[in-house]
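**Q** After the structure tokens below, expect a handful of questions from me.
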Amino acid sequence: MLWDLLDNNEKARVIIRILYHLAKTDGAVTDIEFTYLVHVGKKMGFSMEDVRTIMLEDKELNEILPYDEQDRMQVLYQLLFMMDVDKKIAEEEEKTIFHFGLKLGFSEYMIKDFMEIFRKHDIDDLPPEAMLDIIKKYQN
């Protein structure tokens with residue numbers, strides 16, 4: 001319910017903060033992680049400076065998350081891509097993915113299946129049908 005009370009700008013800021021939180025869980029935000037944050041930010045209407053400002057705010061996460069399935073899936077995808085963008089998956093990142101994946105309402109098994117795909121493939125060679133197959137597997 002709370003998600004619907006946010007305007008589009010506030011929703012986008014929440015997502016950028018969540019992605020930034022994930023990026024810094026392994027100790028530092030790499031250049032490629034920052035580039036991905038800027039890429040996502042631009043899709044949401046933010047400039048690079050807007051993204052930097054959101055990062056510098058470094059507010060505590062309020063974890064207001066979407067409940068619409070498409071929006072929840074989009075956030076999970078963005079988290080998974082952020083986790084793997086530097087081609088290193090740290091244990092802290094995995095824990096963060098599980099935390100948010102469960103908060104978004106996805107099953108532990110579905111999240112594990114997604115994680116396994118990202119362990120096996122780089123973002124550049126990730127077969128799109130593999131992610132769709134997981135979604136189909138858990139949609140009843």
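For the structure tokens, the naming scheme is as follows: chains receive sequential letters (A, B, ...) according to their order of presentation, residues are indexed from 1 within each chain, and ligands are indexed from 1 in presentation order.
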Could you go through region 31-77 of chain A and tell me which residues DSSP, when run on the backbone, assigns to helix (DSSP H, G or I), listing them as a PyMOL selection string?
**A** chain A and resi 31-43+48-57+69-77
**Q** Store the residues picked out above, limited to N, CA and C atoms, as a short mmCIF file (atom, residue, chain, number, x, y, z; two decimals), in the first residue's frame.
**A**
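Done, and the output landed in selection_30.cif:
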data_model
loop_
_atom_site.label_atom_id
_atom_site.label_comp_id
_atom_site.auth_asym_id
_atom_site.auth_seq_id
_atom_site.Cartn_x
_atom_site.Cartn_y
_atom_site.Cartn_z
N ASP A 31 33.70 1.05 -10.31
CA ASP A 31 33.33 1.92 -11.43
C ASP A 31 32.19 1.32 -12.24
N ILE A 32 32.26 0.02 -12.47
CA ILE A 32 31.22 -0.63 -13.28
C ILE A 32 29.89 -0.65 -12.53
N GLU A 33 29.92 -0.78 -11.21
CA GLU A 33 28.68 -0.72 -10.43
C GLU A 33 28.10 0.69 -10.49
N PHE A 34 28.96 1.70 -10.39
CA PHE A 34 28.49 3.08 -10.49
C PHE A 34 27.88 3.32 -11.87
N THR A 35 28.54 2.81 -12.90
CA THR A 35 28.03 2.96 -14.27
C THR A 35 26.64 2.33 -14.39
N TYR A 36 26.46 1.16 -13.78
CA TYR A 36 25.16 0.51 -13.83
C TYR A 36 24.12 1.35 -13.07
N LEU A 37 24.49 1.89 -11.92
CA LEU A 37 23.57 2.76 -11.17
C LEU A 37 23.14 3.95 -12.03
N VAL A 38 24.08 4.55 -12.72
CA VAL A 38 23.77 5.69 -13.58
C VAL A 38 22.86 5.25 -14.72
N HIS A 39 23.15 4.09 -15.30
CA HIS A 39 22.32 3.54 -16.38
C HIS A 39 20.87 3.36 -15.92
N VAL A 40 20.68 2.73 -14.78
CA VAL A 40 19.33 2.52 -14.24
C VAL A 40 18.71 3.88 -13.91
N GLY A 41 19.50 4.76 -13.31
CA GLY A 41 18.99 6.09 -12.98
C GLY A 41 18.51 6.85 -14.20
N LYS A 42 19.26 6.78 -15.28
CA LYS A 42 18.86 7.49 -16.51
C LYS A 42 17.55 6.94 -17.06
N LYS A 43 17.37 5.63 -16.96
CA LYS A 43 16.10 5.04 -17.41
C LYS A 43 14.93 5.55 -16.58
N MET A 48 23.31 11.80 -14.03
CA MET A 48 24.39 11.21 -13.25
C MET A 48 24.53 11.94 -11.91
N GLU A 49 24.37 13.26 -11.93
CA GLU A 49 24.49 14.03 -10.69
C GLU A 49 23.36 13.69 -9.72
N ASP A 50 22.16 13.44 -10.24
CA ASP A 50 21.05 13.03 -9.38
C ASP A 50 21.39 11.71 -8.67
N VAL A 51 21.96 10.77 -9.43
CA VAL A 51 22.33 9.47 -8.86
C VAL A 51 23.39 9.67 -7.79
N ARG A 52 24.38 10.50 -8.07
CA ARG A 52 25.42 10.79 -7.06
C ARG A 52 24.81 11.38 -5.79
N THR A 53 23.87 12.30 -5.97
CA THR A 53 23.22 12.92 -4.82
C THR A 53 22.48 11.88 -3.98
N ILE A 54 21.77 10.99 -4.65
CA ILE A 54 21.05 9.92 -3.94
C ILE A 54 22.05 9.06 -3.17
N MET A 55 23.17 8.75 -3.79
CA MET A 55 24.20 7.94 -3.13
C MET A 55 24.77 8.68 -1.92
N LEU A 56 25.02 9.96 -2.06
CA LEU A 56 25.60 10.74 -0.97
C LEU A 56 24.63 10.92 0.19
N GLU A 57 23.33 10.94 -0.13
CA GLU A 57 22.33 11.01 0.94
C GLU A 57 22.49 9.83 1.87
N GLU A 69 3.29 -7.51 -9.30
CA GLU A 69 4.24 -8.55 -9.71
C GLU A 69 5.28 -8.05 -10.71
N GLN A 70 4.87 -7.30 -11.69
CA GLN A 70 5.82 -6.83 -12.70
C GLN A 70 6.86 -5.90 -12.07
N ASP A 71 6.43 -5.01 -11.18
CA ASP A 71 7.37 -4.10 -10.51
C ASP A 71 8.31 -4.86 -9.58
N ARG A 72 7.77 -5.85 -8.87
CA ARG A 72 8.61 -6.65 -7.98
C ARG A 72 9.67 -7.41 -8.77
N MET A 73 9.27 -7.97 -9.90
CA MET A 73 10.20 -8.72 -10.74
C MET A 73 11.27 -7.79 -11.30
N GLN A 74 10.87 -6.59 -11.68
CA GLN A 74 11.82 -5.62 -12.21
C GLN A 74 12.88 -5.26 -11.17
N VAL A 75 12.46 -5.06 -9.93
CA VAL A 75 13.41 -4.74 -8.86
C VAL A 75 14.35 -5.92 -8.63
N LEU A 76 13.81 -7.14 -8.61
CA LEU A 76 14.65 -8.32 -8.42
C LEU A 76 15.67 -8.43 -9.55
N TYR A 77 15.24 -8.24 -10.79
CA TYR A 77 16.18 -8.29 -11.92
C TYR A 77 17.28 -7.26 -11.76
#
**Q** Report as JSON lines the residues of region 65-113 of chain A within 12 Å of region 14-29 of chain A, each with its shortest atom pair and distance in Å (one decimal), using only C-alpha atoms, ordered by chain and increasing residue number.
**A**
{"residue": "A:Leu65", "atom": "CA", "partner": "A:Val14", "partner_atom": "CA", "distance": 8.2}
{"residue": "A:Pro66", "atom": "CA", "partner": "A:Ile15", "partner_atom": "CA", "distance": 10.0}
{"residue": "A:Asp71", "atom": "CA", "partner": "A:Ile15", "partner_atom": "CA", "distance": 10.7}
{"residue": "A:Arg72", "atom": "CA", "partner": "A:Ile15", "partner_atom": "CA", "distance": 10.8}
{"residue": "A:Gln74", "atom": "CA", "partner": "A:Ile15", "partner_atom": "CA", "distance": 10.1}
{"residue": "A:Val75", "atom": "CA", "partner": "A:Ile15", "partner_atom": "CA", "distance": 7.2}
{"residue": "A:Leu76", "atom": "CA", "partner": "A:Leu19", "partner_atom": "CA", "distance": 10.1}
{"residue": "A:Tyr77", "atom": "CA", "partner": "A:Leu19", "partner_atom": "CA", "distance": 10.8}
{"residue": "A:Gln78", "atom": "CA", "partner": "A:Leu19", "partner_atom": "CA", "distance": 7.5}
{"residue": "A:Leu79", "atom": "CA", "partner": "A:Leu19", "partner_atom": "CA", "distance": 6.2}
{"residue": "A:Leu80", "atom": "CA", "partner": "A:Leu19", "partner_atom": "CA", "distance": 9.6}
{"residue": "A:Phe81", "atom": "CA", "partner": "A:Leu19", "partner_atom": "CA", "distance": 9.7}
{"residue": "A:Met82", "atom": "CA", "partner": "A:Leu19", "partner_atom": "CA", "distance": 6.8}
{"residue": "A:Met83", "atom": "CA", "partner": "A:Ala23", "partner_atom": "CA", "distance": 7.0}
{"residue": "A:Asp84", "atom": "CA", "partner": "A:Ala23", "partner_atom": "CA", "distance": 9.8}
{"residue": "A:Val85", "atom": "CA", "partner": "A:Ala23", "partner_atom": "CA", "distance": 9.5}
{"residue": "A:Asp86", "atom": "CA", "partner": "A:Ala23", "partner_atom": "CA", "distance": 9.5}
{"residue": "A:Lys88", "atom": "CA", "partner": "A:Asp26", "partner_atom": "CA", "distance": 9.8}
{"residue": "A:Ile89", "atom": "CA", "partner": "A:Asp26", "partner_atom": "CA", "distance": 8.9}
{"residue": "A:Ala90", "atom": "CA", "partner": "A:Asp26", "partner_atom": "CA", "distance": 6.3}
{"residue": "A:Glu91", "atom": "CA", "partner": "A:Asp26", "partner_atom": "CA", "distance": 8.1}
{"residue": "A:Glu92", "atom": "CA", "partner": "A:Thr25", "partner_atom": "CA", "distance": 5.9}
{"residue": "A:Glu93", "atom": "CA", "partner": "A:Thr25", "partner_atom": "CA", "distance": 6.1}
{"residue": "A:Glu94", "atom": "CA", "partner": "A:Leu22", "partner_atom": "CA", "distance": 9.2}
{"residue": "A:Lys95", "atom": "CA", "partner": "A:Thr25", "partner_atom": "CA", "distance": 9.5}
{"residue": "A:Thr96", "atom": "CA", "partner": "A:Leu22", "partner_atom": "CA", "distance": 6.5}
{"residue": "A:Ile97", "atom": "CA", "partner": "A:Leu22", "partner_atom": "CA", "distance": 7.9}
{"residue": "A:Phe98", "atom": "CA", "partner": "A:Leu22", "partner_atom": "CA", "distance": 11.2}
{"residue": "A:His99", "atom": "CA", "partner": "A:Leu22", "partner_atom": "CA", "distance": 10.6}
{"residue": "A:Phe100", "atom": "CA", "partner": "A:Ile18", "partner_atom": "CA", "distance": 8.8}
{"residue": "A:Gly101", "atom": "CA", "partner": "A:Ile18", "partner_atom": "CA", "distance": 11.8}
**Q** What is the distance, in Å and to one decimal place, between CA of Glu10 (chain A) and CA of Thr30 (chain A)?
**A** 25.0 Å
**Q** Excluding same-chain residues fewer than 3 positions from Asp122 (chain A), what lies within 9 Å of it counting only C-alpha atoms, as number ranges by chain?
**A** A: 84-85, 87, 117-119, 125-126
**Q** Take the residues that were just selected and, keeping C-alpha atoms, output them as an mmCIF file, in the first residue's frame.
**A**
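Result file follows (result_38.cif):
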data_model
loop_
_atom_site.group_PDB
_atom_site.id
_atom_site.type_symbol
_atom_site.label_atom_id
_atom_site.label_comp_id
_atom_site.auth_asym_id
_atom_site.auth_seq_id
_atom_site.Cartn_x
_atom_site.Cartn_y
_atom_site.Cartn_z
ATOM 1 C CA ASP A 84 26.834 -9.566 -11.098
ATOM 2 C CA VAL A 85 27.842 -6.445 -13.013
ATOM 3 C CA LYS A 87 31.590 -10.299 -12.379
ATOM 4 C CA ILE A 117 22.121 -18.806 -13.262
ATOM 5 C CA PHE A 118 24.191 -15.759 -12.356
ATOM 6 C CA ARG A 119 26.934 -17.983 -10.930
ATOM 7 C CA ASP A 125 26.135 -14.472 -22.064
ATOM 8 C CA LEU A 126 23.098 -14.896 -19.816
#
**Q** So that I can see what lies close to Met110 (chain A), please list as a PyMOL selection string the residues with an atom at most 9 Å from it, counting only C-alpha atoms and leaving out residues fewer than 6 positions away in the same chain.
**A** chain A and resi 134-135+137-138
